[in-house]
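With mmCIF, C-alpha atoms inside, this is run_9.cif:
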```
data_protein
#
loop_
_atom_site.label_atom_id
_atom_site.label_comp_id
_atom_site.auth_asym_id
_atom_site.auth_seq_id
_atom_site.Cartn_x
_atom_site.Cartn_y
_atom_site.Cartn_z
CA MET A 1 -1.79 12.89 20.48
CA THR A 2 1.67 11.32 20.32
CA ALA A 3 0.15 7.91 19.59
CA ARG A 4 -1.66 9.40 16.60
CA VAL A 5 1.16 11.58 15.29
CA GLU A 6 1.11 9.92 11.87
CA LEU A 7 -2.62 10.53 11.57
CA TRP A 8 -2.30 14.26 12.38
CA LEU A 9 0.67 14.63 10.04
CA TYR A 10 -1.38 12.87 7.34
CA LEU A 11 -4.22 15.35 7.90
CA ALA A 12 -1.87 18.35 7.94
CA GLN A 13 -0.29 17.11 4.71
CA ARG A 14 -3.68 16.87 2.96
CA LEU A 15 -4.95 20.20 4.29
CA SER A 16 -1.74 22.02 3.31
CA ALA A 17 -2.01 20.44 -0.16
CA MET A 18 -5.56 21.75 -0.48
CA VAL A 19 -4.31 25.23 0.40
CA LEU A 20 -1.30 24.96 -1.92
CA ALA A 21 -3.14 23.78 -5.04
CA PRO A 22 -4.99 27.03 -5.84
CA LEU A 23 -2.03 29.14 -4.65
CA VAL A 24 0.39 27.33 -7.01
CA LEU A 25 -2.07 27.83 -9.88
CA GLY A 26 -2.44 31.51 -8.99
CA HIS A 27 1.35 31.86 -8.80
CA LEU A 28 1.91 30.21 -12.20
CA ILE A 29 -0.83 32.20 -13.92
CA THR A 30 0.56 35.45 -12.45
CA MET A 31 4.06 34.52 -13.66
CA VAL A 32 2.85 33.92 -17.22
CA TYR A 33 0.91 37.18 -17.08
CA ALA A 34 3.77 39.13 -15.48
CA ILE A 35 6.45 38.25 -18.06
CA GLN A 36 4.38 39.51 -21.00
CA GLY A 37 6.38 42.42 -22.36
CA GLY A 38 9.49 41.65 -20.31
CA LEU A 39 10.30 41.11 -16.67
CA THR A 40 11.59 43.83 -14.38
CA ALA A 41 12.01 44.10 -10.61
CA ALA A 42 10.22 47.44 -10.69
CA GLU A 43 7.14 45.87 -12.29
CA ILE A 44 7.01 43.07 -9.71
CA LEU A 45 7.54 45.40 -6.76
CA GLY A 46 4.95 47.75 -8.21
CA ARG A 47 2.44 44.97 -7.99
CA THR A 48 3.37 43.54 -4.62
CA GLN A 49 4.53 46.46 -2.47
CA GLY A 50 1.89 47.67 -0.06
CA SER A 51 -0.57 45.06 -1.29
CA ILE A 52 -2.49 43.31 1.45
CA PHE A 53 -3.69 40.73 -1.09
CA TRP A 54 -0.20 39.65 -2.23
CA THR A 55 1.09 39.69 1.36
CA ALA A 56 -1.71 37.35 2.39
CA PHE A 57 -1.33 35.25 -0.81
CA TYR A 58 2.39 34.59 -0.41
CA GLY A 59 2.26 34.51 3.41
CA LEU A 60 -0.22 31.65 3.22
CA PHE A 61 1.84 30.08 0.43
CA VAL A 62 4.97 30.07 2.61
CA ALA A 63 3.14 28.62 5.63
CA ALA A 64 1.49 25.84 3.59
CA ALA A 65 4.71 25.02 1.71
CA ALA A 66 6.70 24.82 4.95
CA VAL A 67 4.23 22.37 6.50
CA HIS A 68 3.77 20.35 3.31
CA GLY A 69 7.45 20.15 2.40
CA ALA A 70 8.62 19.19 5.87
CA ILE A 71 6.08 16.38 6.27
CA GLY A 72 6.76 15.12 2.75
CA LEU A 73 10.53 15.05 3.20
CA ARG A 74 10.13 13.27 6.54
CA SER A 75 7.97 10.62 4.85
CA ILE A 76 10.46 10.12 2.01
CA VAL A 77 13.39 9.77 4.43
CA ARG A 78 11.44 7.29 6.59
CA GLU A 79 10.59 5.14 3.58
CA MET A 80 13.86 5.32 1.69
CA THR A 81 16.45 5.33 4.48
CA PRO A 82 16.87 3.74 7.92
CA TRP A 83 16.73 7.23 9.52
CA HIS A 84 13.78 7.24 11.96
CA GLY A 85 12.79 8.68 15.30
CA ALA A 86 13.31 11.89 17.27
CA SER A 87 16.35 13.16 15.33
CA LEU A 88 14.46 12.91 12.03
CA ASN A 89 11.42 14.64 13.55
CA ALA A 90 13.69 17.43 14.80
CA ALA A 91 15.31 17.75 11.36
CA ALA A 92 11.89 17.94 9.69
CA ALA A 93 10.74 20.58 12.17
CA GLY A 94 14.00 22.45 11.51
CA PHE A 95 13.34 22.34 7.76
CA CYS A 96 9.81 23.65 8.36
CA LEU A 97 11.22 26.52 10.45
CA LEU A 98 13.90 27.31 7.84
CA VAL A 99 11.30 27.56 5.05
CA LEU A 100 9.12 29.74 7.28
CA VAL A 101 11.99 32.13 8.12
CA LEU A 102 13.35 32.36 4.57
CA GLY A 103 9.86 32.52 3.08
CA PHE A 104 8.52 35.24 5.34
CA ARG A 105 11.76 37.17 4.89
CA ALA A 106 11.19 37.08 1.13
CA VAL A 107 7.53 38.02 1.48
CA GLY A 108 8.53 40.92 3.73
CA ALA A 109 11.11 42.10 1.19
CA VAL A 110 8.67 42.41 -1.71
CA THR A 111 5.58 43.68 0.07
CA MET B 1 9.23 -22.96 -29.09
CA GLU B 2 5.53 -23.74 -29.22
CA THR B 3 3.61 -23.35 -26.01
CA GLY B 4 -0.03 -23.74 -25.09
CA LYS B 5 -0.83 -26.47 -27.58
CA GLY B 6 0.09 -29.60 -25.69
CA ASP B 7 2.35 -30.58 -28.56
CA GLY B 8 5.04 -32.10 -26.42
CA GLY B 9 7.18 -28.95 -26.31
CA ALA B 10 9.14 -28.28 -23.14
CA LEU B 11 8.98 -25.45 -20.65
CA ILE B 12 12.27 -24.15 -19.32
CA VAL B 13 11.54 -23.59 -15.64
CA GLU B 14 13.89 -21.76 -13.27
CA VAL B 15 13.09 -22.54 -9.65
CA TRP B 16 14.48 -20.69 -6.62
CA ARG B 17 16.49 -23.00 -4.38
CA GLY B 18 17.56 -22.03 -0.89
CA ARG B 19 16.43 -19.38 1.57
CA GLU B 20 17.27 -15.64 1.37
CA GLU B 21 20.56 -16.76 -0.14
CA GLY B 22 20.19 -19.19 -2.99
CA PHE B 23 20.13 -19.68 -6.74
CA PHE B 24 17.80 -20.53 -9.59
CA GLN B 25 17.90 -24.16 -10.70
CA THR B 26 16.69 -24.92 -14.21
CA TYR B 27 14.39 -27.81 -15.08
CA SER B 28 12.80 -28.90 -18.34
CA VAL B 29 9.14 -29.77 -17.99
CA PRO B 30 6.90 -31.21 -20.76
CA HIS B 31 4.30 -28.66 -21.67
CA GLN B 32 0.70 -29.80 -21.67
CA GLU B 33 -2.56 -28.17 -22.55
CA LYS B 34 -4.29 -26.41 -19.62
CA GLN B 35 -1.29 -27.09 -17.42
CA THR B 36 -1.16 -24.79 -14.39
CA ILE B 37 1.99 -23.47 -12.76
CA LEU B 38 1.14 -25.70 -9.80
CA ASP B 39 1.10 -28.67 -12.19
CA VAL B 40 4.55 -27.62 -13.40
CA VAL B 41 5.98 -27.41 -9.86
CA SER B 42 4.34 -30.70 -8.88
CA TYR B 43 5.87 -32.35 -11.96
CA ILE B 44 9.31 -31.11 -10.95
CA GLN B 45 8.89 -32.23 -7.34
CA ARG B 46 7.47 -35.67 -8.17
CA ARG B 47 9.39 -36.59 -11.31
CA LEU B 48 12.59 -34.59 -11.43
CA ASP B 49 13.73 -33.42 -8.00
CA ALA B 50 12.07 -34.54 -4.77
CA THR B 51 14.03 -31.99 -2.75
CA VAL B 52 12.08 -29.01 -4.14
CA SER B 53 9.85 -27.53 -1.42
CA TYR B 54 6.59 -25.71 -2.13
CA ARG B 55 3.15 -25.36 -0.59
CA PHE B 56 -0.35 -26.09 -1.80
CA ALA B 57 -3.59 -27.61 -0.52
CA CYS B 58 -6.87 -27.21 -2.40
CA ARG B 59 -5.66 -26.80 -6.04
CA ILE B 60 -8.85 -24.90 -6.92
CA GLY B 61 -8.33 -21.31 -5.68
CA MET B 62 -9.97 -21.66 -2.28
CA CYS B 63 -7.20 -22.05 0.28
CA GLY B 64 -4.70 -19.36 -0.70
CA SER B 65 -1.62 -21.43 0.10
CA CYS B 66 0.05 -21.90 -3.32
CA ALA B 67 0.90 -18.28 -4.16
CA MET B 68 4.40 -17.52 -5.41
CA MET B 69 6.24 -15.20 -7.77
CA VAL B 70 5.71 -16.31 -11.37
CA ASN B 71 7.93 -14.44 -13.83
CA GLY B 72 8.17 -11.61 -11.30
CA ALA B 73 4.47 -11.29 -10.43
CA PRO B 74 2.69 -12.75 -7.39
CA ARG B 75 0.05 -15.27 -8.45
CA TRP B 76 -1.97 -18.25 -7.33
CA THR B 77 -0.12 -21.04 -9.12
CA CYS B 78 -3.21 -23.27 -9.12
CA ARG B 79 -5.23 -20.73 -11.11
CA THR B 80 -2.51 -19.64 -13.52
CA HIS B 81 -2.13 -21.49 -16.80
CA ALA B 82 1.46 -21.92 -17.90
CA SER B 83 0.50 -21.04 -21.47
CA LYS B 84 -0.68 -17.60 -20.32
CA VAL B 85 2.49 -16.53 -18.53
CA ALA B 86 5.34 -18.59 -20.03
CA LYS B 87 6.69 -16.04 -22.48
CA GLY B 88 8.89 -17.88 -24.97
CA GLY B 89 8.33 -21.10 -23.03
CA LYS B 90 10.22 -19.78 -20.00
CA LEU B 91 9.11 -19.64 -16.38
CA ARG B 92 10.93 -18.20 -13.37
CA LEU B 93 9.41 -19.26 -10.05
CA ALA B 94 10.36 -17.70 -6.73
CA PRO B 95 8.85 -17.52 -3.25
CA LEU B 96 6.48 -14.64 -2.47
CA ARG B 97 8.20 -11.27 -2.18
CA ASN B 98 8.21 -9.33 1.13
CA LEU B 99 8.16 -12.50 3.26
CA PRO B 100 10.99 -14.56 4.75
CA VAL B 101 11.75 -17.77 2.88
CA ILE B 102 11.44 -21.13 4.64
CA LYS B 103 12.93 -23.08 1.76
CA ASP B 104 12.78 -22.89 -2.03
CA LEU B 105 9.23 -21.77 -3.00
CA ALA B 106 7.70 -21.83 0.49
CA ALA B 107 7.46 -18.39 2.11
CA ASP B 108 7.09 -17.94 5.87
CA MET B 109 3.58 -16.48 6.45
CA THR B 110 4.07 -15.87 10.21
CA VAL B 111 4.61 -12.11 9.97
CA PHE B 112 1.65 -11.84 7.58
CA PHE B 113 -0.76 -13.34 10.13
CA ASP B 114 0.88 -11.57 13.08
CA LYS B 115 0.10 -8.29 11.34
CA TRP B 116 -3.47 -9.53 10.78
CA GLN B 117 -3.85 -9.53 14.57
CA LYS B 118 -1.88 -6.31 14.99
CA ALA B 119 -4.30 -4.54 12.62
CA GLY B 120 -7.20 -5.59 14.85
CA GLY B 121 -8.34 -8.36 12.53
CA SER B 122 -10.41 -10.21 15.13
CA PHE B 123 -14.18 -9.82 15.30
CA VAL B 124 -15.35 -8.38 18.63
CA PRO B 125 -18.92 -9.52 19.34
CA SER B 126 -21.20 -6.69 20.47
CA GLN B 127 -23.63 -9.18 21.99
CA PRO B 128 -21.55 -12.10 23.26
CA GLY B 129 -23.62 -15.21 23.87
CA SER B 130 -26.60 -13.92 21.93
CA GLN B 131 -28.67 -16.69 20.36
CA GLU B 132 -30.50 -14.26 18.07
CA PHE B 133 -29.56 -13.72 14.44
CA ALA B 134 -28.19 -10.25 13.78
CA VAL B 135 -30.29 -8.55 11.12
CA VAL B 136 -28.13 -6.60 8.67
CA ALA B 137 -29.87 -4.82 5.81
CA PRO B 138 -28.25 -6.13 2.58
CA ASP B 139 -28.33 -2.75 0.87
CA SER B 140 -27.07 -0.68 3.82
CA LYS B 141 -23.90 1.35 3.23
CA GLU B 142 -21.96 -0.61 5.85
CA ARG B 143 -23.02 -4.02 4.53
CA LYS B 144 -22.04 -3.07 0.98
CA ALA B 145 -18.62 -1.80 2.14
CA ALA B 146 -18.02 -4.98 4.16
CA SER B 147 -19.19 -7.21 1.31
CA ALA B 148 -16.76 -5.55 -1.10
CA GLY B 149 -13.78 -6.76 0.92
CA ILE B 150 -14.97 -9.86 2.70
CA GLU B 151 -13.96 -12.52 0.16
CA CYS B 152 -10.26 -12.27 1.05
CA ILE B 153 -8.71 -15.70 1.71
CA GLY B 154 -5.38 -14.42 3.06
CA CYS B 155 -3.13 -15.66 0.24
CA ALA B 156 -0.64 -12.75 0.68
CA VAL B 157 -0.51 -11.98 -3.06
CA CYS B 158 -1.36 -8.31 -2.31
CA TYR B 159 1.17 -8.20 0.53
CA SER B 160 3.80 -9.50 -1.85
CA ALA B 161 2.82 -6.98 -4.54
CA CYS B 162 2.89 -4.00 -2.16
CA ASP B 163 5.83 -1.60 -2.56
CA VAL B 164 5.09 0.10 0.76
CA VAL B 165 5.70 -3.24 2.54
CA ALA B 166 8.95 -3.52 0.60
CA TRP B 167 10.05 -0.06 1.80
CA ASN B 168 8.74 -0.34 5.35
CA PRO B 169 8.65 -3.87 6.81
CA ASP B 170 6.50 -2.58 9.69
CA TYR B 171 3.66 -1.50 7.36
CA LEU B 172 0.54 -3.45 8.31
CA GLY B 173 -0.22 -4.48 4.74
CA PRO B 174 -3.14 -4.36 2.30
CA ALA B 175 -4.86 -7.63 3.24
CA GLN B 176 -4.68 -6.77 6.93
CA LEU B 177 -6.09 -3.28 6.44
CA ASN B 178 -8.78 -4.62 4.11
CA ARG B 179 -9.79 -7.05 6.86
CA ALA B 180 -9.91 -4.18 9.39
CA TRP B 181 -12.16 -2.20 7.02
CA THR B 182 -14.65 -5.09 6.79
CA LEU B 183 -14.82 -5.17 10.61
CA VAL B 184 -15.19 -1.38 10.87
CA ASN B 185 -18.25 -1.78 8.64
CA ASP B 186 -19.58 -4.86 10.45
CA VAL B 187 -22.54 -3.55 12.47
CA ARG B 188 -22.35 -6.65 14.69
CA ASP B 189 -18.83 -5.73 15.80
CA GLY B 190 -18.66 -4.08 19.21
CA ASP B 191 -15.34 -2.25 18.96
CA ARG B 192 -15.33 -0.02 15.88
CA ASN B 193 -13.05 2.54 17.54
CA GLY B 194 -10.71 -0.23 18.66
CA HIS B 195 -10.31 -1.34 15.04
CA LEU B 196 -9.75 2.25 13.90
CA ALA B 197 -7.20 2.84 16.67
CA ALA B 198 -5.32 -0.32 15.64
CA VAL B 199 -4.76 0.94 12.09
CA ALA B 200 -4.22 4.66 12.88
CA VAL B 201 -0.65 4.00 13.99
CA ASP B 202 2.85 4.50 12.67
CA ALA B 203 3.06 2.33 9.51
CA GLY B 204 -0.72 1.92 9.54
CA CYS B 205 -3.30 2.90 6.94
CA HIS B 206 -1.89 6.42 6.44
CA ALA B 207 1.37 4.98 5.12
CA CYS B 208 -0.43 3.64 2.01
CA HIS B 209 0.58 5.41 -1.23
CA SER B 210 -2.47 4.22 -3.20
CA HIS B 211 -0.22 2.60 -5.82
CA GLN B 212 -2.94 -0.04 -6.21
CA ASN B 213 -0.54 -2.94 -6.82
CA CYS B 214 -2.67 -4.88 -4.32
CA THR B 215 -5.78 -4.24 -6.39
CA VAL B 216 -4.09 -5.12 -9.67
CA TYR B 217 -2.79 -8.47 -8.44
CA CYS B 218 -5.61 -9.61 -6.11
CA PRO B 219 -6.78 -12.95 -7.57
CA LYS B 220 -10.23 -12.30 -6.07
CA SER B 221 -10.47 -8.89 -7.77
CA LEU B 222 -10.86 -7.18 -4.40
CA ASN B 223 -9.82 -3.54 -3.94
CA PRO B 224 -7.73 -3.20 -0.77
CA THR B 225 -6.71 0.31 -1.87
CA ALA B 226 -10.34 1.43 -1.63
CA SER B 227 -10.65 -0.23 1.78
CA ILE B 228 -7.52 1.58 3.00
CA ALA B 229 -8.87 4.88 1.64
CA GLY B 230 -12.02 4.20 3.68
CA LEU B 231 -9.89 3.62 6.78
CA LYS B 232 -7.98 6.88 6.19
CA ARG B 233 -11.25 8.82 6.11
CA ALA B 234 -12.82 6.97 9.04
CA THR B 235 -9.75 7.31 11.28
CA VAL B 236 -9.40 11.04 10.58
CA LEU B 237 -13.09 11.63 11.36
CA ALA B 238 -12.84 9.54 14.53
CA ALA B 239 -9.72 11.43 15.64
CA LEU B 240 -11.36 14.81 14.99
CA LYS B 241 -14.31 13.70 17.11
CA GLY B 242 -11.90 12.55 19.82
CA GLU B 243 -13.09 8.94 19.59
CA ILE B 244 -9.65 7.41 19.08
#
```
For this file, produce the structure as structure tokens.
Amino acid sequence: MTARVELWLYLAQRLSAMVLAPLVLGHLITMVYAIQGGLTAAEILGRTQGSIFWTAFYGLFVAAAAVHGAIGLRSIVREMTPWHGASLNAAAAGFCLLVLVLGFRAVGAVT
Amino acid sequence: METGKGDGGALIVEVWRGREEGFFQTYSVPHQEKQTILDVVSYIQRRLDATVSYRFACRIGMCGSCAMMVNGAPRWTCRTHASKVAKGGKLRLAPLRNLPVIKDLAADMTVFFDKWQKAGGSFVPSQPGSQEFAVVAPDSKERKAASAGIECIGCAVCYSACDVVAWNPDYLGPAQLNRAWTLVNDVRDGDRNGHLAAVAVDAGCHACHSHQNCTVYCPKSLNPTASIAGLKRATVLAALKGEI
């Protein structure tokens, strides 16, 4: 497993991208739809609160974005700077955790 | 200035002198019809400055030893006409990018061939000592995939063109991964998983960004990017099956 870490990260990056692509499209289309006739917090919360669909939609979105973003940032840092190794891996994992916590907190607040 | 007509005009040629540290020295070379960049460098070395170092052997695009940077792009100098690339009659010649410099225009290919081995570039016979001919169906999927990449002569033009090598000196490189892909598809080879394991490493095939610089500059019109994409798929499948 450790010998193939780049391969598994590569796979996780592609799989999370496949999950993200339709979710991003759904998010953008909903945004365009939602701002027709003005944007209010009440309207948004009216749509999302108590909705199992939107909880699942944005819960999955947060999980995929956390995985995708952390792996991508790690790759960029490895290619563009001399920072490598365990400390970078820990920082990437920390970023993933931060996005998960903040993201799920936000999802919890609107659903 | 007229170029490409053999009218006696001159090419202004800047040649890298030194190693990693150095400078461009300017020479004036008579321009002739159908003159290659290798002809230009040979003229400089034989007529103007015997201390200029460069490398060539076959002169006809077979050996892969004369590649260098010509006006910023990696090329075989023996197969590049000066009239095609000398914009405004000017040429700037430098050693291949992404490789250490021995002297002037001669790059050190050691790391290039070391990575060839590191990427599992050696054929592993599945039937050592066999006197029988291996029968490989010409239109089989594996044979076609191997054939697509097998004409590589190891000139390092793709390696020099690759931005991933520039960012990460440990990256195995397009020619090396292309070679591995031909062996993965060689049904006579006895260690397919060994080849896949060799490239599924840190700075292996998954580091490729698919920029396709290698494919654009390959003088043989090979497509190392496609070979690397094949390796990415094959290594992931092998890992999911627990084979590597």
Can you check which parts of range 165-218 of chain B lie within 12 Å of range 9-24 of chain A? Per residue, the shortest pair of atoms and distance in Å to one decimal, counting only C-alpha atoms, sorted by chain and number, as a tab-separated table.
```
residue	atom	partner	partner_atom	distance
B:Ala200	CA	A:Tyr10	CA	10.3
B:Val201	CA	A:Tyr10	CA	11.1
B:Asp202	CA	A:Leu9	CA	10.7
B:Ala203	CA	A:Tyr10	CA	11.6
B:Gly204	CA	A:Tyr10	CA	11.2
B:Cys205	CA	A:Tyr10	CA	10.2
B:His206	CA	A:Tyr10	CA	6.5
B:Ala207	CA	A:Tyr10	CA	8.6
B:Cys208	CA	A:Tyr10	CA	10.7
B:His209	CA	A:Tyr10	CA	11.5
```
Those selected residues, please, written with C-alpha atoms and delivered as a short mmCIF file (atom, residue, chain, number, x, y, z; two decimals), in the frame of the given file.
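File produced: part-v4.cif:
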```
data_model
loop_
_atom_site.label_atom_id
_atom_site.label_comp_id
_atom_site.auth_asym_id
_atom_site.auth_seq_id
_atom_site.Cartn_x
_atom_site.Cartn_y
_atom_site.Cartn_z
CA ALA B 200 -4.22 4.66 12.88
CA VAL B 201 -0.65 4.00 13.99
CA ASP B 202 2.85 4.50 12.67
CA ALA B 203 3.06 2.33 9.51
CA GLY B 204 -0.72 1.92 9.54
CA CYS B 205 -3.30 2.90 6.94
CA HIS B 206 -1.89 6.42 6.44
CA ALA B 207 1.37 4.98 5.12
CA CYS B 208 -0.43 3.64 2.01
CA HIS B 209 0.58 5.41 -1.23
#
```
Considering only C-alpha atoms, return as an mmCIF file with C-alpha atoms, in the coordinates of the input whatever protein or nucleic-acid residues lie within 12 Å of range 58-63 of chain A, sequence-local ones (same chain, fewer than 5 positions apart) excluded.
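After the write, selection34.cif holds the following:
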```cif
data_model
loop_
_atom_site.group_PDB
_atom_site.id
_atom_site.type_symbol
_atom_site.label_atom_id
_atom_site.label_comp_id
_atom_site.auth_asym_id
_atom_site.auth_seq_id
_atom_site.Cartn_x
_atom_site.Cartn_y
_atom_site.Cartn_z
ATOM 1 C CA ALA A 12 -1.870 18.350 7.940
ATOM 2 C CA LEU A 15 -4.950 20.200 4.290
ATOM 3 C CA SER A 16 -1.740 22.020 3.310
ATOM 4 C CA ALA A 17 -2.010 20.440 -0.160
ATOM 5 C CA MET A 18 -5.560 21.750 -0.480
ATOM 6 C CA VAL A 19 -4.310 25.230 0.400
ATOM 7 C CA LEU A 20 -1.300 24.960 -1.920
ATOM 8 C CA ALA A 21 -3.140 23.780 -5.040
ATOM 9 C CA PRO A 22 -4.990 27.030 -5.840
ATOM 10 C CA LEU A 23 -2.030 29.140 -4.650
ATOM 11 C CA VAL A 24 0.390 27.330 -7.010
ATOM 12 C CA LEU A 25 -2.070 27.830 -9.880
ATOM 13 C CA GLY A 26 -2.440 31.510 -8.990
ATOM 14 C CA HIS A 27 1.350 31.860 -8.800
ATOM 15 C CA THR A 48 3.370 43.540 -4.620
ATOM 16 C CA SER A 51 -0.570 45.060 -1.290
ATOM 17 C CA ILE A 52 -2.490 43.310 1.450
ATOM 18 C CA PHE A 53 -3.690 40.730 -1.090
ATOM 19 C CA HIS A 68 3.770 20.350 3.310
ATOM 20 C CA GLY A 69 7.450 20.150 2.400
ATOM 21 C CA ALA A 70 8.620 19.190 5.870
ATOM 22 C CA CYS A 96 9.810 23.650 8.360
ATOM 23 C CA LEU A 97 11.220 26.520 10.450
ATOM 24 C CA LEU A 98 13.900 27.310 7.840
ATOM 25 C CA VAL A 99 11.300 27.560 5.050
ATOM 26 C CA LEU A 100 9.120 29.740 7.280
ATOM 27 C CA VAL A 101 11.990 32.130 8.120
ATOM 28 C CA LEU A 102 13.350 32.360 4.570
ATOM 29 C CA GLY A 103 9.860 32.520 3.080
ATOM 30 C CA PHE A 104 8.520 35.240 5.340
ATOM 31 C CA ARG A 105 11.760 37.170 4.890
ATOM 32 C CA ALA A 106 11.190 37.080 1.130
ATOM 33 C CA VAL A 107 7.530 38.020 1.480
ATOM 34 C CA GLY A 108 8.530 40.920 3.730
ATOM 35 C CA ALA A 109 11.110 42.100 1.190
ATOM 36 C CA VAL A 110 8.670 42.410 -1.710
ATOM 37 C CA THR A 111 5.580 43.680 0.070
#
```
message = Running the PyMOL selection byres ((chain A) within 10 of (chain B)) on this model by hand, what would come out? Give it as an MDAnalysis selection string.
response = chainID A and resid 1:11 75 78:82
ask   = For the point (9.0, -18.0, 3.8) in file coordinates, what residues are within 12 Å, counting all atoms listed in the file? Give the answer as JSON, numbers by chain?
value = {"B": [18, 19, 20, 53, 54, 55, 65, 67, 68, 94, 95, 96, 97, 98, 99, 100, 101, 102, 103, 104, 105, 106, 107, 108, 109, 110, 111, 112, 156, 160]}
ask   = Interatomic distance between CA of Ile153 in chain B and CA of His81 in chain B?
value = 20.5 Å
